[in-house]
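Next comes my_file.cif, with mmCIF, N, CA and C atoms.
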```cif
data_start
#
loop_
_atom_site.group_PDB
_atom_site.id
_atom_site.type_symbol
_atom_site.label_atom_id
_atom_site.label_comp_id
_atom_site.auth_asym_id
_atom_site.auth_seq_id
_atom_site.Cartn_x
_atom_site.Cartn_y
_atom_site.Cartn_z
ATOM 1 N N MET M 32 15.783 3.509 11.427
ATOM 2 C CA MET M 32 16.889 3.973 10.624
ATOM 3 C C MET M 32 16.341 4.864 9.502
ATOM 4 N N PHE M 33 17.148 5.809 9.061
ATOM 5 C CA PHE M 33 16.737 6.781 8.062
ATOM 6 C C PHE M 33 17.709 6.791 6.884
ATOM 7 N N LEU M 34 17.210 7.252 5.746
ATOM 8 C CA LEU M 34 18.018 7.372 4.537
ATOM 9 C C LEU M 34 18.031 8.825 4.096
ATOM 10 N N HIS M 35 19.239 9.404 3.980
ATOM 11 C CA HIS M 35 19.391 10.774 3.483
ATOM 12 C C HIS M 35 19.329 10.738 1.963
ATOM 13 N N VAL M 36 18.348 11.450 1.371
ATOM 14 C CA VAL M 36 18.158 11.434 -0.081
ATOM 15 C C VAL M 36 18.580 12.737 -0.752
ATOM 16 N N GLY M 37 19.070 13.701 0.034
ATOM 17 C CA GLY M 37 19.536 14.971 -0.514
ATOM 18 C C GLY M 37 18.796 16.143 0.089
ATOM 19 N N LYS M 38 19.416 17.315 -0.002
ATOM 20 C CA LYS M 38 18.828 18.577 0.475
ATOM 21 C C LYS M 38 18.291 18.489 1.901
ATOM 22 N N ASN M 39 19.054 17.920 2.797
ATOM 23 C CA ASN M 39 18.659 17.805 4.204
ATOM 24 C C ASN M 39 17.339 17.062 4.393
ATOM 25 N N LEU M 40 17.008 16.166 3.476
ATOM 26 C CA LEU M 40 15.788 15.377 3.568
ATOM 27 C C LEU M 40 16.147 13.928 3.877
ATOM 28 N N VAL M 41 15.526 13.387 4.905
ATOM 29 C CA VAL M 41 15.704 11.983 5.253
ATOM 30 C C VAL M 41 14.338 11.307 5.268
ATOM 31 N N ILE M 42 14.336 10.025 4.911
ATOM 32 C CA ILE M 42 13.102 9.250 4.937
ATOM 33 C C ILE M 42 13.339 7.998 5.777
ATOM 34 N N PRO M 43 12.320 7.544 6.481
ATOM 35 C CA PRO M 43 12.475 6.304 7.245
ATOM 36 C C PRO M 43 12.665 5.113 6.305
ATOM 37 N N ILE M 44 13.599 4.233 6.634
ATOM 38 C CA ILE M 44 13.871 3.050 5.818
ATOM 39 C C ILE M 44 12.611 2.188 5.685
ATOM 40 N N LYS M 45 11.784 2.153 6.725
ATOM 41 C CA LYS M 45 10.592 1.297 6.677
ATOM 42 C C LYS M 45 9.583 1.760 5.625
ATOM 43 N N GLU M 46 9.685 3.004 5.143
ATOM 44 C CA GLU M 46 8.794 3.510 4.103
ATOM 45 C C GLU M 46 9.326 3.244 2.696
ATOM 46 N N LEU M 47 10.558 2.770 2.588
ATOM 47 C CA LEU M 47 11.224 2.575 1.308
ATOM 48 C C LEU M 47 10.655 1.371 0.562
ATOM 49 N N ILE M 48 10.252 1.590 -0.693
ATOM 50 C CA ILE M 48 9.776 0.503 -1.552
ATOM 51 C C ILE M 48 10.837 0.162 -2.590
ATOM 52 N N ALA M 49 11.392 1.187 -3.260
ATOM 53 C CA ALA M 49 12.375 0.937 -4.313
ATOM 54 C C ALA M 49 13.268 2.143 -4.521
ATOM 55 N N ILE M 50 14.491 1.863 -4.957
ATOM 56 C CA ILE M 50 15.421 2.892 -5.409
ATOM 57 C C ILE M 50 15.744 2.546 -6.855
ATOM 58 N N ILE M 51 15.453 3.479 -7.757
ATOM 59 C CA ILE M 51 15.568 3.212 -9.190
ATOM 60 C C ILE M 51 16.573 4.169 -9.818
ATOM 61 N N ASP M 52 17.486 3.620 -10.612
ATOM 62 C CA ASP M 52 18.440 4.426 -11.362
ATOM 63 C C ASP M 52 17.694 5.200 -12.442
ATOM 64 N N ALA M 53 17.888 6.498 -12.506
ATOM 65 C CA ALA M 53 17.135 7.350 -13.434
ATOM 66 C C ALA M 53 17.439 7.021 -14.889
ATOM 67 N N ASP M 54 18.710 6.789 -15.225
ATOM 68 C CA ASP M 54 19.048 6.482 -16.624
ATOM 69 C C ASP M 54 18.372 5.197 -17.078
ATOM 70 N N SER M 55 18.397 4.180 -16.248
ATOM 71 C CA SER M 55 17.756 2.905 -16.591
ATOM 72 C C SER M 55 16.244 3.058 -16.667
ATOM 73 N N ALA M 56 15.691 3.819 -15.749
ATOM 74 C CA ALA M 56 14.238 3.996 -15.701
ATOM 75 C C ALA M 56 13.717 4.687 -16.950
ATOM 76 N N LEU M 57 14.451 5.657 -17.441
ATOM 77 C CA LEU M 57 13.973 6.433 -18.582
ATOM 78 C C LEU M 57 14.165 5.717 -19.914
ATOM 79 N N LYS M 58 14.805 4.543 -19.908
ATOM 80 C CA LYS M 58 14.927 3.739 -21.130
ATOM 81 C C LYS M 58 13.670 2.921 -21.373
ATOM 82 N N SER M 59 12.880 2.721 -20.339
ATOM 83 C CA SER M 59 11.656 1.933 -20.448
ATOM 84 C C SER M 59 10.456 2.852 -20.662
ATOM 85 N N GLU M 60 9.667 2.566 -21.681
ATOM 86 C CA GLU M 60 8.473 3.372 -21.957
ATOM 87 C C GLU M 60 7.465 3.276 -20.817
ATOM 88 N N ASP M 61 7.314 2.078 -20.239
ATOM 89 C CA ASP M 61 6.370 1.897 -19.137
ATOM 90 C C ASP M 61 6.771 2.733 -17.923
ATOM 91 N N THR M 62 8.049 2.726 -17.607
ATOM 92 C CA THR M 62 8.521 3.494 -16.457
ATOM 93 C C THR M 62 8.417 4.988 -16.722
ATOM 94 N N LYS M 63 8.713 5.409 -17.947
ATOM 95 C CA LYS M 63 8.560 6.823 -18.317
ATOM 96 C C LYS M 63 7.118 7.265 -18.127
ATOM 97 N N ASN M 64 6.187 6.438 -18.593
ATOM 98 C CA ASN M 64 4.761 6.765 -18.453
ATOM 99 C C ASN M 64 4.348 6.799 -16.988
ATOM 100 N N PHE M 65 4.844 5.849 -16.197
ATOM 101 C CA PHE M 65 4.551 5.820 -14.759
ATOM 102 C C PHE M 65 5.020 7.103 -14.082
ATOM 103 N N LEU M 66 6.254 7.520 -14.363
ATOM 104 C CA LEU M 66 6.801 8.734 -13.754
ATOM 105 C C LEU M 66 6.064 9.978 -14.241
ATOM 106 N N LYS M 67 5.652 9.984 -15.500
ATOM 107 C CA LYS M 67 4.901 11.121 -16.043
ATOM 108 C C LYS M 67 3.560 11.265 -15.330
ATOM 109 N N VAL M 68 2.844 10.159 -15.178
ATOM 110 C CA VAL M 68 1.551 10.183 -14.483
ATOM 111 C C VAL M 68 1.746 10.574 -13.015
ATOM 112 N N ALA M 69 2.771 10.032 -12.383
ATOM 113 C CA ALA M 69 3.051 10.362 -10.980
ATOM 114 C C ALA M 69 3.334 11.851 -10.819
ATOM 115 N N GLU M 70 4.066 12.431 -11.765
ATOM 116 C CA GLU M 70 4.359 13.868 -11.705
ATOM 117 C C GLU M 70 3.088 14.690 -11.915
ATOM 118 N N GLU M 71 2.269 14.293 -12.876
ATOM 119 C CA GLU M 71 1.022 15.008 -13.147
ATOM 120 C C GLU M 71 0.077 14.976 -11.952
ATOM 121 N N GLU M 72 0.087 13.871 -11.219
ATOM 122 C CA GLU M 72 -0.806 13.722 -10.078
ATOM 123 C C GLU M 72 -0.200 14.225 -8.769
ATOM 124 N N GLY M 73 1.021 14.738 -8.825
ATOM 125 C CA GLY M 73 1.639 15.353 -7.658
ATOM 126 C C GLY M 73 2.276 14.396 -6.677
ATOM 127 N N PHE M 74 2.665 13.211 -7.137
ATOM 128 C CA PHE M 74 3.302 12.241 -6.251
ATOM 129 C C PHE M 74 4.819 12.378 -6.203
ATOM 130 N N ILE M 75 5.401 13.185 -7.087
ATOM 131 C CA ILE M 75 6.860 13.317 -7.126
ATOM 132 C C ILE M 75 7.286 14.562 -6.364
ATOM 133 N N PHE M 76 8.183 14.347 -5.402
ATOM 134 C CA PHE M 76 8.787 15.429 -4.642
ATOM 135 C C PHE M 76 10.189 15.601 -5.187
ATOM 136 N N ASP M 77 10.472 16.755 -5.758
ATOM 137 C CA ASP M 77 11.734 16.992 -6.454
ATOM 138 C C ASP M 77 12.813 17.451 -5.474
ATOM 139 N N VAL M 78 13.654 16.506 -5.054
ATOM 140 C CA VAL M 78 14.786 16.840 -4.186
ATOM 141 C C VAL M 78 15.925 17.385 -5.037
ATOM 142 N N ALA M 79 16.091 16.818 -6.238
ATOM 143 C CA ALA M 79 17.144 17.248 -7.166
ATOM 144 C C ALA M 79 16.535 18.202 -8.176
ATOM 145 N N GLU M 80 16.938 19.441 -8.139
ATOM 146 C CA GLU M 80 16.390 20.412 -9.079
ATOM 147 C C GLU M 80 16.853 20.134 -10.506
ATOM 148 N N ASP M 81 18.025 19.578 -10.635
ATOM 149 C CA ASP M 81 18.521 19.165 -11.941
ATOM 150 C C ASP M 81 19.450 17.973 -11.731
ATOM 151 N N ASN M 82 19.867 17.359 -12.805
ATOM 152 C CA ASN M 82 20.782 16.220 -12.743
ATOM 153 C C ASN M 82 20.219 15.081 -11.888
ATOM 154 N N ILE M 83 19.009 14.656 -12.199
ATOM 155 C CA ILE M 83 18.375 13.565 -11.458
ATOM 156 C C ILE M 83 19.114 12.268 -11.756
ATOM 157 N N LYS M 84 19.567 11.598 -10.694
ATOM 158 C CA LYS M 84 20.287 10.333 -10.844
ATOM 159 C C LYS M 84 19.475 9.136 -10.372
ATOM 160 N N SER M 85 18.483 9.367 -9.516
ATOM 161 C CA SER M 85 17.689 8.246 -9.017
ATOM 162 C C SER M 85 16.308 8.704 -8.580
ATOM 163 N N TYR M 86 15.417 7.722 -8.501
ATOM 164 C CA TYR M 86 14.074 7.926 -7.970
ATOM 165 C C TYR M 86 13.896 6.993 -6.783
ATOM 166 N N ILE M 87 13.339 7.508 -5.707
ATOM 167 C CA ILE M 87 13.099 6.730 -4.494
ATOM 168 C C ILE M 87 11.591 6.648 -4.309
ATOM 169 N N ILE M 88 11.047 5.435 -4.362
ATOM 170 C CA ILE M 88 9.610 5.231 -4.206
ATOM 171 C C ILE M 88 9.339 4.823 -2.767
ATOM 172 N N THR M 89 8.434 5.559 -2.119
ATOM 173 C CA THR M 89 8.116 5.294 -0.719
ATOM 174 C C THR M 89 6.603 5.191 -0.525
ATOM 175 N N GLU M 90 6.228 4.598 0.595
ATOM 176 C CA GLU M 90 4.822 4.548 0.982
ATOM 177 C C GLU M 90 4.735 4.681 2.495
ATOM 178 N N LYS M 91 3.989 5.699 2.920
ATOM 179 C CA LYS M 91 3.767 5.942 4.342
ATOM 180 C C LYS M 91 2.406 5.377 4.711
ATOM 181 N N VAL M 92 2.359 4.613 5.797
ATOM 182 C CA VAL M 92 1.102 4.035 6.271
ATOM 183 C C VAL M 92 0.781 4.661 7.619
ATOM 184 N N GLU M 93 -0.399 5.269 7.697
ATOM 185 C CA GLU M 93 -0.853 5.887 8.945
ATOM 186 C C GLU M 93 -2.220 5.318 9.297
ATOM 187 N N LYS M 94 -2.563 5.376 10.578
ATOM 188 C CA LYS M 94 -3.871 4.925 11.042
ATOM 189 C C LYS M 94 -4.825 6.106 11.080
ATOM 190 N N ASP M 95 -6.019 5.908 10.523
ATOM 191 C CA ASP M 95 -7.078 6.898 10.616
ATOM 192 C C ASP M 95 -7.635 6.847 12.040
ATOM 193 N N LYS M 96 -7.618 7.959 12.725
ATOM 194 C CA LYS M 96 -8.022 7.990 14.128
ATOM 195 C C LYS M 96 -9.517 7.727 14.324
ATOM 196 N N GLU M 97 -10.338 8.040 13.321
ATOM 197 C CA GLU M 97 -11.782 7.871 13.471
ATOM 198 C C GLU M 97 -12.227 6.417 13.330
ATOM 199 N N ASN M 98 -11.825 5.774 12.230
ATOM 200 C CA ASN M 98 -12.306 4.404 12.015
ATOM 201 C C ASN M 98 -11.184 3.360 12.059
ATOM 202 N N LEU M 99 -9.985 3.768 12.458
ATOM 203 C CA LEU M 99 -8.823 2.892 12.627
ATOM 204 C C LEU M 99 -8.407 2.153 11.354
ATOM 205 N N SER M 100 -8.794 2.658 10.195
ATOM 206 C CA SER M 100 -8.339 2.061 8.941
ATOM 207 C C SER M 100 -6.965 2.623 8.575
ATOM 208 N N GLU M 101 -6.298 1.941 7.656
ATOM 209 C CA GLU M 101 -4.982 2.392 7.217
ATOM 210 C C GLU M 101 -5.119 3.401 6.082
ATOM 211 N N ILE M 102 -4.325 4.451 6.156
ATOM 212 C CA ILE M 102 -4.239 5.449 5.090
ATOM 213 C C ILE M 102 -2.842 5.322 4.497
ATOM 214 N N ARG M 103 -2.766 5.061 3.199
ATOM 215 C CA ARG M 103 -1.476 4.896 2.524
ATOM 216 C C ARG M 103 -1.213 6.097 1.632
ATOM 217 N N GLN M 104 -0.003 6.630 1.763
ATOM 218 C CA GLN M 104 0.399 7.775 0.951
ATOM 219 C C GLN M 104 1.703 7.427 0.246
ATOM 220 N N SER M 105 1.664 7.422 -1.076
ATOM 221 C CA SER M 105 2.857 7.124 -1.868
ATOM 222 C C SER M 105 3.523 8.423 -2.301
ATOM 223 N N ILE M 106 4.843 8.453 -2.174
ATOM 224 C CA ILE M 106 5.629 9.615 -2.605
ATOM 225 C C ILE M 106 6.846 9.089 -3.355
ATOM 226 N N ILE M 107 7.164 9.741 -4.463
ATOM 227 C CA ILE M 107 8.370 9.429 -5.219
ATOM 228 C C ILE M 107 9.287 10.639 -5.112
ATOM 229 N N TYR M 108 10.507 10.404 -4.653
ATOM 230 C CA TYR M 108 11.500 11.472 -4.529
ATOM 231 C C TYR M 108 12.482 11.341 -5.681
ATOM 232 N N SER M 109 12.795 12.461 -6.342
ATOM 233 C CA SER M 109 13.882 12.471 -7.318
ATOM 234 C C SER M 109 15.113 12.997 -6.587
ATOM 235 N N SER M 110 16.234 12.340 -6.826
ATOM 236 C CA SER M 110 17.448 12.707 -6.094
ATOM 237 C C SER M 110 18.622 12.837 -7.049
ATOM 238 N N ASN M 111 19.564 13.698 -6.695
ATOM 239 C CA ASN M 111 20.788 13.822 -7.482
ATOM 240 C C ASN M 111 21.895 12.928 -6.911
ATOM 241 N N ILE M 112 21.529 12.017 -6.023
ATOM 242 C CA ILE M 112 22.458 11.031 -5.472
ATOM 243 C C ILE M 112 22.220 9.720 -6.219
ATOM 244 N N SER M 113 23.293 9.039 -6.603
ATOM 245 C CA SER M 113 23.155 7.814 -7.396
ATOM 246 C C SER M 113 22.452 6.716 -6.607
ATOM 247 N N SER M 114 21.811 5.820 -7.345
ATOM 248 C CA SER M 114 21.100 4.711 -6.711
ATOM 249 C C SER M 114 22.062 3.812 -5.941
ATOM 250 N N THR M 115 23.269 3.621 -6.444
ATOM 251 C CA THR M 115 24.260 2.799 -5.748
ATOM 252 C C THR M 115 24.622 3.408 -4.400
ATOM 253 N N THR M 116 24.841 4.706 -4.358
ATOM 254 C CA THR M 116 25.166 5.387 -3.109
ATOM 255 C C THR M 116 24.003 5.298 -2.131
ATOM 256 N N LEU M 117 22.785 5.484 -2.627
ATOM 257 C CA LEU M 117 21.614 5.388 -1.750
ATOM 258 C C LEU M 117 21.460 3.981 -1.189
ATOM 259 N N LEU M 118 21.694 2.975 -2.029
ATOM 260 C CA LEU M 118 21.622 1.590 -1.549
ATOM 261 C C LEU M 118 22.674 1.314 -0.479
ATOM 262 N N LYS M 119 23.871 1.843 -0.666
ATOM 263 C CA LYS M 119 24.918 1.687 0.353
ATOM 264 C C LYS M 119 24.501 2.363 1.654
ATOM 265 N N ARG M 120 23.953 3.576 1.552
ATOM 266 C CA ARG M 120 23.512 4.297 2.750
ATOM 267 C C ARG M 120 22.402 3.554 3.480
ATOM 268 N N ALA M 121 21.546 2.897 2.702
ATOM 269 C CA ALA M 121 20.426 2.178 3.306
ATOM 270 C C ALA M 121 20.869 0.861 3.931
ATOM 271 N N GLY M 122 22.079 0.437 3.602
ATOM 272 C CA GLY M 122 22.601 -0.790 4.186
ATOM 273 C C GLY M 122 22.193 -2.040 3.435
ATOM 274 N N PHE M 123 21.646 -1.900 2.221
ATOM 275 C CA PHE M 123 21.220 -3.063 1.449
ATOM 276 C C PHE M 123 22.383 -3.744 0.757
ATOM 277 N N ILE M 124 23.445 -3.004 0.521
ATOM 278 C CA ILE M 124 24.619 -3.585 -0.142
ATOM 279 C C ILE M 124 25.787 -3.449 0.820
ATOM 280 N N ASP M 125 26.353 -4.574 1.189
ATOM 281 C CA ASP M 125 27.462 -4.547 2.133
ATOM 282 C C ASP M 125 28.784 -4.292 1.426
ATOM 283 N N ASN M 126 29.017 -4.973 0.308
ATOM 284 C CA ASN M 126 30.285 -4.856 -0.390
ATOM 285 C C ASN M 126 30.069 -4.649 -1.882
ATOM 286 N N ILE M 127 30.317 -3.439 -2.340
ATOM 287 C CA ILE M 127 30.297 -3.162 -3.772
ATOM 288 C C ILE M 127 31.723 -2.789 -4.161
ATOM 289 N N GLU M 128 32.211 -3.455 -5.169
ATOM 290 C CA GLU M 128 33.591 -3.199 -5.589
ATOM 291 C C GLU M 128 33.641 -2.184 -6.690
#
```
What do you get writing this file as structure tokens?
Amino acid sequence: MFLHVGKNLVIPIKELIAIIDADSALKSEDTKNFLKVAEEEGFIFDVAEDNIKSYIITEKVEKDKENLSEIRQSIIYSSNISSTTLLKRAGFIDNIE
């Protein structure tokens, strides 16, 4: 199953770690620092050019063909779709009133 995060971009549900509301995230100094470092190191893929409403944290696990070890790649997507809508699309929330 896949999750549409905006701009014709979909991610596999199995790679999903967290969906974070942007307004709530930016109230915490620790989360602000985490996102700042992630942006500086190139881990944030900007799906929403402006009006960021949520951050989607993912991790892709691939097998190294040479030594069969796992290679983990973390990516954070910024999206202009609300965290509630993304959670509904992912099927994590059945009934939100």
Taking the file as shown, what set of residues would the PyMOL selection byres ((chain M and resi 102) around 6.5) give back, as a PDB file with N, CA and C atoms, keeping the file's coordinate frame?
```pdb
ATOM      1  N   LYS M  91       3.989   5.699   2.920  1.00  0.00           N
ATOM      2  CA  LYS M  91       3.767   5.942   4.342  1.00  0.00           C
ATOM      3  C   LYS M  91       2.406   5.377   4.711  1.00  0.00           C
ATOM      4  N   VAL M  92       2.359   4.613   5.797  1.00  0.00           N
ATOM      5  CA  VAL M  92       1.102   4.035   6.271  1.00  0.00           C
ATOM      6  C   VAL M  92       0.781   4.661   7.619  1.00  0.00           C
ATOM      7  N   GLU M  93      -0.399   5.269   7.697  1.00  0.00           N
ATOM      8  CA  GLU M  93      -0.853   5.887   8.945  1.00  0.00           C
ATOM      9  C   GLU M  93      -2.220   5.318   9.297  1.00  0.00           C
ATOM     10  N   LYS M  94      -2.563   5.376  10.578  1.00  0.00           N
ATOM     11  CA  LYS M  94      -3.871   4.925  11.042  1.00  0.00           C
ATOM     12  C   LYS M  94      -4.825   6.106  11.080  1.00  0.00           C
ATOM     13  N   ASP M  95      -6.019   5.908  10.523  1.00  0.00           N
ATOM     14  CA  ASP M  95      -7.078   6.898  10.616  1.00  0.00           C
ATOM     15  C   ASP M  95      -7.635   6.847  12.040  1.00  0.00           C
ATOM     16  N   SER M 100      -8.794   2.658  10.195  1.00  0.00           N
ATOM     17  CA  SER M 100      -8.339   2.061   8.941  1.00  0.00           C
ATOM     18  C   SER M 100      -6.965   2.623   8.575  1.00  0.00           C
ATOM     19  N   GLU M 101      -6.298   1.941   7.656  1.00  0.00           N
ATOM     20  CA  GLU M 101      -4.982   2.392   7.217  1.00  0.00           C
ATOM     21  C   GLU M 101      -5.119   3.401   6.082  1.00  0.00           C
ATOM     22  N   ARG M 103      -2.766   5.061   3.199  1.00  0.00           N
ATOM     23  CA  ARG M 103      -1.476   4.896   2.524  1.00  0.00           C
ATOM     24  C   ARG M 103      -1.213   6.097   1.632  1.00  0.00           C
ATOM     25  N   GLN M 104      -0.003   6.630   1.763  1.00  0.00           N
ATOM     26  CA  GLN M 104       0.399   7.775   0.951  1.00  0.00           C
ATOM     27  C   GLN M 104       1.703   7.427   0.246  1.00  0.00           C
TER      28      GLN M 104
END
```
Can you pull out every residue from region 38-113 of chain M that DSSP, working from the backbone, puts in strand (DSSP E), and format the result as a CSV table (one decimal) with N, CA and C atoms, in the frame of the given file?
```
chain,number,residue,atom,x,y,z
M,40,LEU,N,17.0,16.2,3.5
M,40,LEU,CA,15.8,15.4,3.6
M,40,LEU,C,16.1,13.9,3.9
M,41,VAL,N,15.5,13.4,4.9
M,41,VAL,CA,15.7,12.0,5.3
M,41,VAL,C,14.3,11.3,5.3
M,42,ILE,N,14.3,10.0,4.9
M,42,ILE,CA,13.1,9.2,4.9
M,42,ILE,C,13.3,8.0,5.8
M,43,PRO,N,12.3,7.5,6.5
M,43,PRO,CA,12.5,6.3,7.2
M,43,PRO,C,12.7,5.1,6.3
M,47,LEU,N,10.6,2.8,2.6
M,47,LEU,CA,11.2,2.6,1.3
M,47,LEU,C,10.7,1.4,0.6
M,48,ILE,N,10.3,1.6,-0.7
M,48,ILE,CA,9.8,0.5,-1.6
M,48,ILE,C,10.8,0.2,-2.6
M,49,ALA,N,11.4,1.2,-3.3
M,49,ALA,CA,12.4,0.9,-4.3
M,49,ALA,C,13.3,2.1,-4.5
M,50,ILE,N,14.5,1.9,-5.0
M,50,ILE,CA,15.4,2.9,-5.4
M,50,ILE,C,15.7,2.5,-6.9
M,51,ILE,N,15.5,3.5,-7.8
M,51,ILE,CA,15.6,3.2,-9.2
M,51,ILE,C,16.6,4.2,-9.8
M,52,ASP,N,17.5,3.6,-10.6
M,52,ASP,CA,18.4,4.4,-11.4
M,52,ASP,C,17.7,5.2,-12.4
M,75,ILE,N,5.4,13.2,-7.1
M,75,ILE,CA,6.9,13.3,-7.1
M,75,ILE,C,7.3,14.6,-6.4
M,76,PHE,N,8.2,14.3,-5.4
M,76,PHE,CA,8.8,15.4,-4.6
M,76,PHE,C,10.2,15.6,-5.2
M,77,ASP,N,10.5,16.8,-5.8
M,77,ASP,CA,11.7,17.0,-6.5
M,77,ASP,C,12.8,17.5,-5.5
M,85,SER,N,18.5,9.4,-9.5
M,85,SER,CA,17.7,8.2,-9.0
M,85,SER,C,16.3,8.7,-8.6
M,86,TYR,N,15.4,7.7,-8.5
M,86,TYR,CA,14.1,7.9,-8.0
M,86,TYR,C,13.9,7.0,-6.8
M,87,ILE,N,13.3,7.5,-5.7
M,87,ILE,CA,13.1,6.7,-4.5
M,87,ILE,C,11.6,6.6,-4.3
M,88,ILE,N,11.0,5.4,-4.4
M,88,ILE,CA,9.6,5.2,-4.2
M,88,ILE,C,9.3,4.8,-2.8
M,89,THR,N,8.4,5.6,-2.1
M,89,THR,CA,8.1,5.3,-0.7
M,89,THR,C,6.6,5.2,-0.5
M,90,GLU,N,6.2,4.6,0.6
M,90,GLU,CA,4.8,4.5,1.0
M,90,GLU,C,4.7,4.7,2.5
M,91,LYS,N,4.0,5.7,2.9
M,91,LYS,CA,3.8,5.9,4.3
M,91,LYS,C,2.4,5.4,4.7
M,92,VAL,N,2.4,4.6,5.8
M,92,VAL,CA,1.1,4.0,6.3
M,92,VAL,C,0.8,4.7,7.6
M,93,GLU,N,-0.4,5.3,7.7
M,93,GLU,CA,-0.9,5.9,8.9
M,93,GLU,C,-2.2,5.3,9.3
M,94,LYS,N,-2.6,5.4,10.6
M,94,LYS,CA,-3.9,4.9,11.0
M,94,LYS,C,-4.8,6.1,11.1
M,101,GLU,N,-6.3,1.9,7.7
M,101,GLU,CA,-5.0,2.4,7.2
M,101,GLU,C,-5.1,3.4,6.1
M,102,ILE,N,-4.3,4.5,6.2
M,102,ILE,CA,-4.2,5.4,5.1
M,102,ILE,C,-2.8,5.3,4.5
M,103,ARG,N,-2.8,5.1,3.2
M,103,ARG,CA,-1.5,4.9,2.5
M,103,ARG,C,-1.2,6.1,1.6
M,104,GLN,N,0.0,6.6,1.8
M,104,GLN,CA,0.4,7.8,1.0
M,104,GLN,C,1.7,7.4,0.2
M,105,SER,N,1.7,7.4,-1.1
M,105,SER,CA,2.9,7.1,-1.9
M,105,SER,C,3.5,8.4,-2.3
M,106,ILE,N,4.8,8.5,-2.2
M,106,ILE,CA,5.6,9.6,-2.6
M,106,ILE,C,6.8,9.1,-3.4
M,107,ILE,N,7.2,9.7,-4.5
M,107,ILE,CA,8.4,9.4,-5.2
M,107,ILE,C,9.3,10.6,-5.1
M,108,TYR,N,10.5,10.4,-4.7
M,108,TYR,CA,11.5,11.5,-4.5
M,108,TYR,C,12.5,11.3,-5.7
M,109,SER,N,12.8,12.5,-6.3
M,109,SER,CA,13.9,12.5,-7.3
M,109,SER,C,15.1,13.0,-6.6
M,110,SER,N,16.2,12.3,-6.8
M,110,SER,CA,17.4,12.7,-6.1
M,110,SER,C,18.6,12.8,-7.0
```
Practice task
Enumerate the residues of chain M with a DSSP assignment of alpha helix (DSSP H), computed from the backbone, and present them as a PyMOL selection string.
Solution key: chain M and resi 53-56+60-71+114-121
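Distances from M:Leu99, M:Ile106, M:Val36, M:Ile42 to Phe74 (chain M) were compared using all atoms listed in the file, and the smallest one belongs to M:Ile106.
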Practice task
Just say which residues the PyMOL selection byres (((chain M and resi 49-63 and name CA) around 8) and name CA) picks in this file, as a ChimeraX atom specification.
Solution key: /M:47-48,64-67,83-89,113-114,117-118
Take the residues that were just selected and, keeping N, CA and C atoms, output them as a tab-separated table (two decimals), in the coordinates of the input.
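As written to disk, part.tsv reads:
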```tsv
chain	number	residue	atom	x	y	z
M	47	LEU	N	10.56	2.77	2.59
M	47	LEU	CA	11.22	2.58	1.31
M	47	LEU	C	10.66	1.37	0.56
M	48	ILE	N	10.25	1.59	-0.69
M	48	ILE	CA	9.78	0.50	-1.55
M	48	ILE	C	10.84	0.16	-2.59
M	64	ASN	N	6.19	6.44	-18.59
M	64	ASN	CA	4.76	6.76	-18.45
M	64	ASN	C	4.35	6.80	-16.99
M	65	PHE	N	4.84	5.85	-16.20
M	65	PHE	CA	4.55	5.82	-14.76
M	65	PHE	C	5.02	7.10	-14.08
M	66	LEU	N	6.25	7.52	-14.36
M	66	LEU	CA	6.80	8.73	-13.75
M	66	LEU	C	6.06	9.98	-14.24
M	67	LYS	N	5.65	9.98	-15.50
M	67	LYS	CA	4.90	11.12	-16.04
M	67	LYS	C	3.56	11.26	-15.33
M	83	ILE	N	19.01	14.66	-12.20
M	83	ILE	CA	18.38	13.56	-11.46
M	83	ILE	C	19.11	12.27	-11.76
M	84	LYS	N	19.57	11.60	-10.69
M	84	LYS	CA	20.29	10.33	-10.84
M	84	LYS	C	19.48	9.14	-10.37
M	85	SER	N	18.48	9.37	-9.52
M	85	SER	CA	17.69	8.25	-9.02
M	85	SER	C	16.31	8.70	-8.58
M	86	TYR	N	15.42	7.72	-8.50
M	86	TYR	CA	14.07	7.93	-7.97
M	86	TYR	C	13.90	6.99	-6.78
M	87	ILE	N	13.34	7.51	-5.71
M	87	ILE	CA	13.10	6.73	-4.49
M	87	ILE	C	11.59	6.65	-4.31
M	88	ILE	N	11.05	5.44	-4.36
M	88	ILE	CA	9.61	5.23	-4.21
M	88	ILE	C	9.34	4.82	-2.77
M	89	THR	N	8.43	5.56	-2.12
M	89	THR	CA	8.12	5.29	-0.72
M	89	THR	C	6.60	5.19	-0.52
M	113	SER	N	23.29	9.04	-6.60
M	113	SER	CA	23.16	7.81	-7.40
M	113	SER	C	22.45	6.72	-6.61
M	114	SER	N	21.81	5.82	-7.34
M	114	SER	CA	21.10	4.71	-6.71
M	114	SER	C	22.06	3.81	-5.94
M	117	LEU	N	22.78	5.48	-2.63
M	117	LEU	CA	21.61	5.39	-1.75
M	117	LEU	C	21.46	3.98	-1.19
M	118	LEU	N	21.69	2.98	-2.03
M	118	LEU	CA	21.62	1.59	-1.55
M	118	LEU	C	22.67	1.31	-0.48
```
Practice task
Could you check how far CA of Ser105 (chain M) sits from CA of Ile75 (chain M), in Å to one decimal?
Solution key: 9.1 Å
Exercise for the section: Record the distance separating atom C of Lys38 (chain M) and CA of Glu72 (chain M), expressed in Å with one decimal. Expected result: 23.0 Å
Edge lengths and centre in Å to one decimal, as JSON, of the axis-aligned box that encloses all listed atoms of region 60-71 of chain M with 3 Å added on every side?
```
{"center_x": 4.9, "center_y": 8.5, "center_z": -16.4, "size_x": 15.6, "size_y": 19.1, "size_z": 17.1}
```
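For the pair atom C of Asp81 (chain M) and atom N of Lys45 (chain M), the interatomic distance is 25.5 Å.
Distances to Asp77 (chain M) were evaluated for M:Glu46, M:Thr116, M:Gly122, M:Asn111 using only C-alpha atoms, and the minimum falls at M:Asn111.
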